[in-house]
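Input: a single structure, listed below in structure tokens.
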Amino acid sequence: MTIIKSSNLWFKYSGSSEWAIREVNIEINEGEFVVLAGRSGCGKSTLMRCFNGLIPHFYEGEMIGKVEVCGLDTRENPTYILSQYAGMVFQNPDNQLFALTVEADIAFALENLSIPKEEIRERVDWALRVMGIEELRDKSSLELSGGQKQKVAIASILAMRPQILLLDEPTSSLDPFSAKQLIDTIISLNQKYKITILIAEHRLDLLLPYASRMIVIDDGRIVLDGKPREVLDKHDVMPYGVSVPRIVKVATQLKKSLGYSFNHVVPLSVEEFVEILRRWRN
Amino acid sequence: MIVFENVEYVYPNGFKALRGVNLEIESGEIVALMGENGAGKTTLLKHLNGLLKPFSGRVLVDGVDTRRTTVASLSRKVGIVFQNAEEMFFSPTIYEEIAFALNNFRYPEDVIQKRVGWALKFMELEEYRDKSPFLLSGGEKKRLALAIILAWSPEVVALDEPTVGQDILQKEKMIQIIRQANQQGKTIIISSHDVEFIADIKPRIILMSKGRIVKDGPAEEVLTDIPLLQECSLLPPQIVSLTSRLDFLGIRPKLAGPEEIAVEIARRLK
Amino acid sequence: MSTILRGLQFYPGKTVIHKLDPRVKLVISLLLMMTAAIYLEVTIITIVVAVEALLSIIAKVFSRWARTVYGAAPLIILVFLLNVLFKLSMPGQSLGFQSIYEALQLAYRLVAFLASFSIFFLTTTPEELGMALTKMKVPYMYTFAFISAIRFTPILAEELQSIIDAQKSRGLELEKGNMITRLRRYIPILIPLMVNVLRRSYELAEAIEVKCFGAKKNRTYLRELKMTKRDLTVLSISITLFTLAIYVKLFVKLNIP
């Protein structure tokens, strides 16, 4: 089932002379795990803002074309409606938490939506549990580490029970270990809770093994779109500012100049590569 | 050149950021401080130019105890590019932004002009000379932050998490700049938890955890010690993870470029 | 100054006073202040301060409370001196025992005020204060502004420190020069701070938008204040005592200093 659909989408921020999004036609299905890749400023964030109504409602500018999220036209539905279908998590967790306790932050959106108290309690409990942060409930966000803050930020969006989660470089300020933990949690949201994920990230080595789809954006345009393995097997994505995992580089090198194609299977994780090599040797 | 002798530092809220750090950095080295957030990397960097003074122990820069001099005079020797240096711009033009420090250090006007011109050229920002620093792109802002420090040619350039929020092309540019500056004789100190970035530079690595130095050695040695990296909440570089599991091909864990590893795998597969 | 501020900052605890409804605490604080306001007698104000001290002991914040009062000493002395000067400037006044005594009374009254404030803020979380505001029908917009101000103050302080560090590392010397040049030296600190605040507020606005701020007219609340029997009992006792104080003031001739 198509959950996000954009047809001939163009967008230009007011005051800018350049189109930030150019002719984007995209269909995303329920349950997909989509990685958006591309250099800084290529339009990844802008595209995600188009999917929850921040564009055209919060950001002014010129929008051509149409976006439908869960069957709702983003032009005709305000952000607070669209947010309940496509929740957005931003880069800097500090700017997404404004209450004095974790619990209050997670309840915030639900209170704004005038949801009855009992249901808020249930949903807050659920969001805390899903993100594995029940012990943080009464903490102040000042006491949390960067990784914990970002988990709280995700929980505060999850509490609205969106079908889609849009994540804009959520790990960029985290150290590798916290980043891995966060990405593992995001993966579980997709696998266990069937939430459709769209994530813009530079740490592809941690994400690609689980991603069902990789979309490369350059200068506001979708230049590559497909299963990560296929995209990486057929194309050189380096010039688009995409950090190719090192093992993919090793595999590419083996294929290109040394004649080992491994039946065109690009390994996305170390485990997978080791397995391929083991089989190849026997 | 830089000596830390049993340095301890406690923040006013009671957080013990450094717990007895001993360290020597020679002129012309490239050194990476690695460790998770909160390990003490930034606190250590701030001791280099006297922004923080040790609670106990001492820090010597060129033989001078940092407690006996000012931040301004230490900064001429040690330039620090902070993680969010691009949020510290305030001048109407990029030229003035770079000239600010040179004015503070009381360089004569003709020297300032020459130095700013050189820094703009080195960082490929010449065309923006009279533009507002706020109008630059993310990567350009990072280069301006570097130009600001390099303009007064400090002997030591310290970079705090230079790759945060940067894409791969910007990171490669950064590596190129670091190499060039080092070839010009600068001592480079990088604080970072970006293992892949550091693996590309292959510097001497000082691994920190909870305010202590737990290992000090060449990148090839530190980054292939997987249990130790995990103890410090760091993930090993992907190449190391791969090679550490290829003993059935007779390959030992090692830190090398993808090309080199590919050649080795091909040789063993034959 | 910082000691006074620390005395107005919540200090966690699980005492009876901490658990009291913030509205009741607010009322008690106000009643204590009003008592100090209607009486000038040193004895009565001493009783008020003693009651406040007792409350702070029950709340296990006595040392912090005492430090606030102590920390306010310069302010109180200033008020005392200003009062004396003011009295002297009045026509026909000379510096006598009476005028000094009156100035002392006023300054002493200030101690009672401050001490009362301190108890309230030491034992009430900003969150509870926010909930109290909501219950008192203050529009949510203002409560939100109040809460986020508290939330972001430490973050801004940290940001300010990192800007100062960065500019000092560029050779900025804040301590040198006269008033005017010193003020000018703050430009490299104030501009980035303002730019960052603007950028942050834009990002906050975006985050608030996706969290449906202002979506519905009638917002619900997960946590609301509820008066318990204990709260009501404490409240009625306090009001009774205050009524007694007014009664004494109006109808009893007191012969105490």
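Letters A, B, ... go to the chains of the structure tokens in the order shown; residues in each chain start at 1; ligands are counted from 1 in the same order.
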
- Residues at most 12 Å from A:Asn92, counting only C-alpha atoms, excluding those fewer than 4 positions away in the same chain, as an MDAnalysis selection string? (chainID A and resid 96:97 146:147 149:154 167:174) or (chainID B and resid 164:165) or (chainID C and resid 199:200 203:204 206:207)

I'd like a table as a Markdown table: residues in chain B with an atom no more than 9 Å from chain A, each row giving the shortest atom pair and its distance in Å to one decimal, only C-alpha atoms counted, sorted by chain and rising residue number.
```
| residue | atom | partner | partner_atom | distance |
| --- | --- | --- | --- | --- |
| B:Gly35 | CA | A:Asp175 | CA | 8.5 |
| B:Glu36 | CA | A:Asp175 | CA | 5.8 |
| B:Asn37 | CA | A:Asp175 | CA | 6.1 |
| B:Ser137 | CA | A:Gly41 | CA | 8.2 |
| B:Gly138 | CA | A:Ser40 | CA | 7.5 |
| B:Gly139 | CA | A:Ser40 | CA | 8.3 |
| B:Val164 | CA | A:Ser172 | CA | 6.3 |
| B:Gly165 | CA | A:Ser172 | CA | 5.6 |
| B:Gln166 | CA | A:Ser40 | CA | 7.1 |
| B:Asp167 | CA | A:Arg39 | CA | 5.7 |
| B:Ile168 | CA | A:Ser243 | CA | 5.3 |
| B:Leu169 | CA | A:Gly241 | CA | 5.4 |
| B:Gln170 | CA | A:Gly241 | CA | 8.3 |
| B:Ser192 | CA | A:Asp175 | CA | 9.0 |
| B:His193 | CA | A:Asp175 | CA | 6.0 |
| B:Asp194 | CA | A:Pro176 | CA | 7.2 |
| B:Val195 | CA | A:Pro176 | CA | 8.2 |
| B:Glu196 | CA | A:Arg246 | CA | 8.7 |
| B:Gln230 | CA | A:Phe177 | CA | 8.6 |
| B:Ser233 | CA | A:Phe177 | CA | 5.5 |
| B:Leu234 | CA | A:Phe177 | CA | 5.7 |
| B:Leu235 | CA | A:Pro176 | CA | 6.3 |
| B:Pro237 | CA | A:Arg246 | CA | 8.6 |
| B:Gln238 | CA | A:Arg246 | CA | 6.2 |
| B:Ile239 | CA | A:Arg246 | CA | 6.4 |
| B:Ser241 | CA | A:Val270 | CA | 6.9 |
| B:Leu242 | CA | A:Val270 | CA | 5.5 |
| B:Arg245 | CA | A:Val274 | CA | 7.0 |
| B:Leu246 | CA | A:Val274 | CA | 7.0 |
| B:Phe248 | CA | A:Arg278 | CA | 7.9 |
| B:Leu249 | CA | A:Arg281 | CA | 8.4 |
| B:Gly257 | CA | A:Arg246 | CA | 8.4 |
| B:Pro258 | CA | A:Val250 | CA | 4.7 |
| B:Glu259 | CA | A:Val250 | CA | 6.3 |
| B:Glu260 | CA | A:Val250 | CA | 8.5 |
| B:Ile261 | CA | A:Val250 | CA | 6.7 |
| B:Ala262 | CA | A:Val250 | CA | 5.2 |
| B:Val263 | CA | A:Leu254 | CA | 7.3 |
| B:Ile265 | CA | A:Leu254 | CA | 8.2 |
| B:Ala266 | CA | A:Leu258 | CA | 6.8 |
| B:Leu269 | CA | A:Arg281 | CA | 6.2 |
| B:Lys270 | CA | A:Arg281 | CA | 8.6 |
```

May I have the residues from that selection written out with N, CA and C atoms, as a short mmCIF file (atom, residue, chain, number, x, y, z; two decimals), in the first residue's frame?
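Full text of again.cif as output:
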```cif
data_model
loop_
_atom_site.label_atom_id
_atom_site.label_comp_id
_atom_site.auth_asym_id
_atom_site.auth_seq_id
_atom_site.Cartn_x
_atom_site.Cartn_y
_atom_site.Cartn_z
N GLY B 35 37.59 8.91 22.17
CA GLY B 35 36.83 8.46 23.34
C GLY B 35 35.40 8.92 23.18
N GLU B 36 34.51 8.36 23.99
CA GLU B 36 33.10 8.71 23.87
C GLU B 36 32.87 10.14 24.36
N ASN B 37 31.66 10.67 24.12
CA ASN B 37 31.31 11.98 24.65
C ASN B 37 31.42 11.92 26.16
N SER B 137 27.92 28.32 2.97
CA SER B 137 27.33 26.99 3.18
C SER B 137 28.03 26.32 4.37
N GLY B 138 27.49 25.18 4.80
CA GLY B 138 28.04 24.49 5.98
C GLY B 138 29.52 24.17 5.86
N GLY B 139 29.92 23.61 4.72
CA GLY B 139 31.32 23.24 4.52
C GLY B 139 32.21 24.47 4.47
N VAL B 164 31.72 16.53 12.87
CA VAL B 164 30.31 16.44 13.24
C VAL B 164 29.45 17.20 12.23
N GLY B 165 28.45 16.51 11.69
CA GLY B 165 27.54 17.14 10.74
C GLY B 165 28.11 17.35 9.35
N GLN B 166 29.31 16.82 9.10
CA GLN B 166 29.94 17.00 7.78
C GLN B 166 29.71 15.76 6.93
N ASP B 167 29.53 15.96 5.61
CA ASP B 167 29.38 14.78 4.76
C ASP B 167 30.76 14.30 4.30
N ILE B 168 30.77 13.20 3.57
CA ILE B 168 32.04 12.53 3.25
C ILE B 168 32.97 13.43 2.40
N LEU B 169 32.38 14.22 1.52
CA LEU B 169 33.22 15.09 0.68
C LEU B 169 33.89 16.15 1.55
N GLN B 170 33.12 16.69 2.50
CA GLN B 170 33.68 17.70 3.41
C GLN B 170 34.75 17.08 4.30
N SER B 192 38.16 13.59 18.46
CA SER B 192 37.12 13.05 17.59
C SER B 192 36.68 11.67 18.05
N HIS B 193 35.39 11.36 17.79
CA HIS B 193 34.97 9.98 18.00
C HIS B 193 34.63 9.33 16.65
N ASP B 194 34.99 10.01 15.58
CA ASP B 194 34.73 9.49 14.25
C ASP B 194 35.87 8.54 13.85
N VAL B 195 35.68 7.26 14.12
CA VAL B 195 36.78 6.29 13.91
C VAL B 195 37.21 6.18 12.45
N GLU B 196 36.26 6.23 11.53
CA GLU B 196 36.62 6.08 10.12
C GLU B 196 37.49 7.26 9.65
N GLN B 230 35.87 -1.24 22.50
CA GLN B 230 34.52 -1.44 23.03
C GLN B 230 34.41 -0.97 24.47
N SER B 233 33.57 2.47 24.61
CA SER B 233 32.36 2.78 23.87
C SER B 233 32.63 3.30 22.46
N LEU B 234 33.66 2.79 21.83
CA LEU B 234 33.90 3.14 20.43
C LEU B 234 33.72 1.89 19.59
N LEU B 235 33.30 2.05 18.35
CA LEU B 235 33.20 0.92 17.45
C LEU B 235 34.47 0.87 16.62
N PRO B 237 36.90 0.53 13.35
CA PRO B 237 36.66 0.84 11.94
C PRO B 237 36.16 -0.42 11.23
N GLN B 238 35.32 -0.22 10.22
CA GLN B 238 34.71 -1.38 9.55
C GLN B 238 35.76 -2.33 8.97
N ILE B 239 36.85 -1.75 8.46
CA ILE B 239 37.92 -2.59 7.89
C ILE B 239 38.51 -3.50 8.96
N SER B 241 36.92 -4.52 11.74
CA SER B 241 35.92 -5.55 12.04
C SER B 241 36.01 -6.67 11.02
N LEU B 242 36.18 -6.28 9.76
CA LEU B 242 36.23 -7.28 8.69
C LEU B 242 37.49 -8.15 8.84
N ARG B 245 37.94 -10.90 11.32
CA ARG B 245 37.17 -12.15 11.19
C ARG B 245 37.59 -12.95 9.97
N LEU B 246 38.77 -12.62 9.47
CA LEU B 246 39.23 -13.31 8.27
C LEU B 246 40.42 -14.24 8.54
N PHE B 248 40.37 -17.28 8.75
CA PHE B 248 40.30 -18.47 7.89
C PHE B 248 40.98 -18.24 6.55
N LEU B 249 41.22 -16.97 6.23
CA LEU B 249 41.99 -16.66 5.02
C LEU B 249 43.45 -16.35 5.38
N GLY B 257 43.73 0.73 3.87
CA GLY B 257 42.73 1.23 2.93
C GLY B 257 42.00 0.06 2.28
N PRO B 258 40.78 0.33 1.76
CA PRO B 258 39.99 -0.73 1.11
C PRO B 258 40.75 -1.40 -0.04
N GLU B 259 41.53 -0.63 -0.80
CA GLU B 259 42.25 -1.20 -1.95
C GLU B 259 43.24 -2.26 -1.47
N GLU B 260 44.01 -1.89 -0.45
CA GLU B 260 45.03 -2.80 0.07
C GLU B 260 44.39 -4.10 0.57
N ILE B 261 43.27 -3.95 1.29
CA ILE B 261 42.59 -5.13 1.83
C ILE B 261 42.05 -5.99 0.68
N ALA B 262 41.50 -5.34 -0.34
CA ALA B 262 40.96 -6.08 -1.49
C ALA B 262 42.06 -6.91 -2.14
N VAL B 263 43.22 -6.29 -2.31
CA VAL B 263 44.34 -7.00 -2.94
C VAL B 263 44.74 -8.20 -2.10
N ILE B 265 42.86 -9.86 0.08
CA ILE B 265 41.83 -10.91 0.02
C ILE B 265 41.95 -11.69 -1.29
N ALA B 266 42.15 -10.96 -2.39
CA ALA B 266 42.25 -11.61 -3.70
C ALA B 266 43.43 -12.59 -3.72
N LEU B 269 42.52 -15.65 -1.75
CA LEU B 269 41.45 -16.46 -2.32
C LEU B 269 41.97 -17.35 -3.45
N LYS B 270 43.09 -16.95 -4.03
CA LYS B 270 43.63 -17.70 -5.17
C LYS B 270 44.01 -19.13 -4.79
#
```

Counting only C-alpha atoms, closest pick from B:Val240, B:Val61, B:Ala101, B:Ile226 relative to chain C is B:Ala101

message: Which residues are near A:Pro116? Cut-off 7 Å, only C-alpha atoms, ignore same chain within fewer than 3 positions. Put them as a ChimeraX atom specification.
response: /A:119-120 /C:220

note - atom CA of C:Phe86 and atom CA of C:Gln105 are separated by 14.4 Å

Work out how far apart atom CA of C:Ala157 and atom CA of C:Gly130 are and give it in Å to one decimal.
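Between these atoms lies a distance of 22.1 Å.
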